[in-house]
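Read through the structure below, which is laid out as structure tokens, and then see the notes.
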Amino acid sequence: MDPAPSSASDPAWTELSEAEAVFTRVRPRLFGVAYRMTGTVAEAEDAVQEAWLRWQDTDRAAVTDPVPFLMTVVTRICLNVLQSARARHETYIGPWLPEPVDTTADPALGAERGAALELATLMLLERLAPPERAAYILREAFDYPYEQIAETVGVSVPNARQLVSRARRRVTTRRAAPVATAEQDRLLRAFVTAARSGDLDALEEILAEDVVSHTDGNGARNAAQIPVVGRTTVAKFVRAFRNRLWPGASLRWITANGHSAVLVVHDDSPAAFLTVAASADGIHRLLWVLAPEKLAGIAQAQGR
């Protein structure tokens, strides 16, 4: 449908040039919610592009505030995307992890809060039903009032509160209290040092008893197709593949999803991405990405 003819009482964004300016201003926030919803850069970009097309075709004279309108549009697009994404993840070879994004240079993820950005949290959000995920993200990452969450997700205000409460409970009960950023960085670097040397005692000292190692490889060579669980088992697993990963490698330390991470590079090509989630008990999640398409994305974000 074409926008209604402009009049003196119409908002400025009825004009396409102003509509584009408004969209450009809000685009970082749209990408922020879309990335948290989908867990991939490509799907987030596609959702934002679809929102732009719909914004052009909208009767913009009837829109009183474009920001919540556009947030609603992109959230609902992502809700539809999640329905098919779950089926795709079921056919993925091995564990599926959200695509890491390089936040070293603080790219525009549109976050007013850092919530629901780190990979370990995004993994937990995968367990939520799409409406729960949307409600949690809008509340925790963007501090949306429950009235707007209800309108966006298409539920009553009491149901919006229940969605957020249920999602928050499911996330917090599965996640140990995280350590400060500096301690997470220290533990990651200590882990890399111990992993490169194959020092079992040093590995076990920094791993939590219930540590889990997740490797996203989608069939890539040397990628574990099931999570590896337990301090001793994970330490032995890490030592077992050290000669296939670390010799001749250079390390590029970055900030991904707001936390310290490292790219393991062979001959100027990324071979692995690693970050950890840690608590007072030590590292309780090792998150490896070996899938070539995800490695290419984060390497490209660094201009390499």
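Each chain in the structure tokens gets a letter, A, B and so on, in the order shown; residues start at 1 in every chain, and ligands are counted from 1 in the order they appear.
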- Distance query segment 43-48 of chain A at most 7 Å, only C-alpha atoms, self and fewer than 6 positions along chain excluded, as a PyMOL selection string: chain A and resi 30-31+34-35+74+77-78
Based on the selection just made, write N, CA and C atoms of those residues as a PDB file, in the first residue's frame.
```
ATOM      1  N   LEU A  30      17.576  -2.137  15.807  1.00  0.00           N
ATOM      2  CA  LEU A  30      16.881  -3.211  15.098  1.00  0.00           C
ATOM      3  C   LEU A  30      17.816  -4.403  14.908  1.00  0.00           C
ATOM      4  N   PHE A  31      19.061  -4.109  14.509  1.00  0.00           N
ATOM      5  CA  PHE A  31      20.013  -5.201  14.353  1.00  0.00           C
ATOM      6  C   PHE A  31      20.284  -5.877  15.698  1.00  0.00           C
ATOM      7  N   ALA A  34      17.442  -8.194  16.424  1.00  0.00           N
ATOM      8  CA  ALA A  34      17.397  -9.275  15.436  1.00  0.00           C
ATOM      9  C   ALA A  34      18.531 -10.275  15.654  1.00  0.00           C
ATOM     10  N   TYR A  35      19.729  -9.777  15.974  1.00  0.00           N
ATOM     11  CA  TYR A  35      20.845 -10.688  16.227  1.00  0.00           C
ATOM     12  C   TYR A  35      20.576 -11.538  17.461  1.00  0.00           C
ATOM     13  N   VAL A  74      10.435  -5.724  13.287  1.00  0.00           N
ATOM     14  CA  VAL A  74      11.592  -6.617  13.185  1.00  0.00           C
ATOM     15  C   VAL A  74      11.474  -7.792  14.152  1.00  0.00           C
ATOM     16  N   ILE A  77       9.150 -10.304  12.542  1.00  0.00           N
ATOM     17  CA  ILE A  77       9.852 -10.991  11.446  1.00  0.00           C
ATOM     18  C   ILE A  77      10.730 -12.098  12.024  1.00  0.00           C
ATOM     19  N   CYS A  78      11.433 -11.769  13.109  1.00  0.00           N
ATOM     20  CA  CYS A  78      12.328 -12.747  13.723  1.00  0.00           C
ATOM     21  C   CYS A  78      11.567 -13.906  14.352  1.00  0.00           C
TER      22      CYS A  78
END
```
- Using only C-alpha atoms, which residues sit within 9 Å of Met123 of chain A once same-chain residues fewer than 6 positions away are excluded, as a PyMOL selection string? chain A and resi 39+96-98
Store the residues picked out above, limited to N, CA, C and O atoms, as a compact mmCIF listing (two decimals), in the first residue's frame.
```
# COMPACT_ATOMS: atom_id res chain seq x y z
N GLY A 39 20.51 -15.24 16.41
CA GLY A 39 21.82 -15.82 16.69
C GLY A 39 22.76 -15.86 15.52
O GLY A 39 23.85 -16.41 15.62
N TRP A 96 25.09 -26.68 17.72
CA TRP A 96 24.94 -25.39 17.04
C TRP A 96 25.14 -24.29 18.06
O TRP A 96 24.47 -24.27 19.11
N LEU A 97 26.06 -23.38 17.79
CA LEU A 97 26.26 -22.22 18.65
C LEU A 97 25.89 -20.96 17.90
O LEU A 97 26.02 -20.90 16.67
N PRO A 98 25.41 -19.94 18.59
CA PRO A 98 25.19 -18.66 17.93
C PRO A 98 26.47 -18.17 17.27
O PRO A 98 27.58 -18.46 17.74
```
- Contact residues around segment 129-143 of chain A with only C-alpha atoms at 10 Å, ignoring same-chain residues under 5 positions, as number ranges by chain: A: 29, 32-34, 36-38, 71, 75-76, 78-83, 86, 110-117, 122, 124, 148-150, 152-155, 160-168, 171
- Long-range neighbours of segment 188-200 of chain A as a PyMOL selection string, 10 Å cut-off, only C-alpha atoms, 6 positions minimum in chain: chain A and resi 182+206-207+232+234-243+245-247+249+251+253+260-262+274-278+283+286
- Task: Check the DSSP output for the backbone and give back, as an MDAnalysis selection string, the residues of segment 5-171 of chain A in alpha helix (DSSP H).
- Result: chainID A and resid 16:38 41:57 66:90 119:125 130:140 146:153 157:171
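If you measure from each of A:Glu205, A:Asp102, A:Glu118, A:Asp10 to Gly297 of chain A using only C-alpha atoms, the closest one turns out to be A:Asp102.
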- Item | All strand (DSSP E) residues (DSSP, backbone) inside segment 133-280 of chain A, as a ChimeraX atom specification | /A:207-216,228-229,250-256,259-266,269-279
- Task: Determine the nearest neighbour of Ala180 of chain A from the options A:Thr40, A:Ser279, A:Thr64, A:Thr58, counting only C-alpha atoms.
- Result: A:Ser279
- Expressed in Å, the length from atom CA of Glu293 of chain A to atom CA of Val212 of chain A is 23.5 Å
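Nearest residue to Asn159 of chain A, choosing from A:Thr72, A:Ala19, A:Tyr146, A:Thr181 and counting only C-alpha atoms: A:Tyr146.
The closest residue to His214 of chain A, picked from A:Trp288, A:Leu16, A:Glu151, A:Pro66 and counting only C-alpha atoms, is A:Trp288.
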- Message: I'd like the interatomic distance between atom CA of Val179 of chain A and atom CA of Leu203 of chain A, to a tenth of an Å.
- Response: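 Atom CA of Leu203 of chain A lies at a distance of 18.2 Å from atom CA of Val179 of chain A.
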- Task: Write out as a PyMOL selection string which residues come within 9 Å of Val101 of chain A when counting only C-alpha atoms, dropping same-chain ones fewer than 5 positions away.
- Result: chain A and resi 40-41+107+255-258+297-298+301
Could you please take those selected residues and save N, CA and C atoms as a PDB file, in the first residue's frame?
```pdb
ATOM      1  N   THR A  40      22.381 -15.252  14.383  1.00  0.00           N
ATOM      2  CA  THR A  40      23.293 -15.191  13.237  1.00  0.00           C
ATOM      3  C   THR A  40      23.259 -13.788  12.644  1.00  0.00           C
ATOM      4  N   VAL A  41      24.398 -13.379  12.105  1.00  0.00           N
ATOM      5  CA  VAL A  41      24.496 -12.052  11.508  1.00  0.00           C
ATOM      6  C   VAL A  41      23.661 -11.977  10.233  1.00  0.00           C
ATOM      7  N   PRO A 107      30.862  -2.464  17.578  1.00  0.00           N
ATOM      8  CA  PRO A 107      29.938  -2.254  16.475  1.00  0.00           C
ATOM      9  C   PRO A 107      28.517  -2.057  16.988  1.00  0.00           C
ATOM     10  N   THR A 255      37.499  -9.033  21.349  1.00  0.00           N
ATOM     11  CA  THR A 255      36.325  -9.028  22.214  1.00  0.00           C
ATOM     12  C   THR A 255      35.144  -9.443  21.356  1.00  0.00           C
ATOM     13  N   ALA A 256      34.545 -10.558  21.692  1.00  0.00           N
ATOM     14  CA  ALA A 256      33.403 -11.072  20.935  1.00  0.00           C
ATOM     15  C   ALA A 256      32.200 -11.172  21.858  1.00  0.00           C
ATOM     16  N   ASN A 257      31.079 -10.629  21.408  1.00  0.00           N
ATOM     17  CA  ASN A 257      29.860 -10.639  22.207  1.00  0.00           C
ATOM     18  C   ASN A 257      30.099 -10.062  23.605  1.00  0.00           C
ATOM     19  N   GLY A 258      30.972  -9.063  23.644  1.00  0.00           N
ATOM     20  CA  GLY A 258      31.214  -8.348  24.892  1.00  0.00           C
ATOM     21  C   GLY A 258      32.213  -8.994  25.830  1.00  0.00           C
ATOM     22  N   GLY A 297      32.951 -15.127   8.932  1.00  0.00           N
ATOM     23  CA  GLY A 297      32.217 -13.920   9.299  1.00  0.00           C
ATOM     24  C   GLY A 297      32.955 -13.073  10.313  1.00  0.00           C
ATOM     25  N   ILE A 298      33.474 -13.707  11.358  1.00  0.00           N
ATOM     26  CA  ILE A 298      34.147 -12.918  12.387  1.00  0.00           C
ATOM     27  C   ILE A 298      35.492 -12.432  11.907  1.00  0.00           C
ATOM     28  N   ALA A 301      34.832  -9.363   9.859  1.00  0.00           N
ATOM     29  CA  ALA A 301      34.503  -8.221  10.693  1.00  0.00           C
ATOM     30  C   ALA A 301      35.753  -7.501  11.173  1.00  0.00           C
TER      31      ALA A 301
END
```
- Rank A:Ala177, A:Ala280, A:Ala224, A:Val22 by their smallest atom-to-atom distance to Glu209 of chain A, using only C-alpha atoms, and report the top residue only. A:Ala280
- Kindly indicate which residue among A:Arg252, A:Arg54, A:Arg285, A:Arg244 lies nearest to Val211 of chain A, using only C-alpha atoms for the distances.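 Checking each candidate against Val211 of chain A, we get A:Arg285 as the closest.
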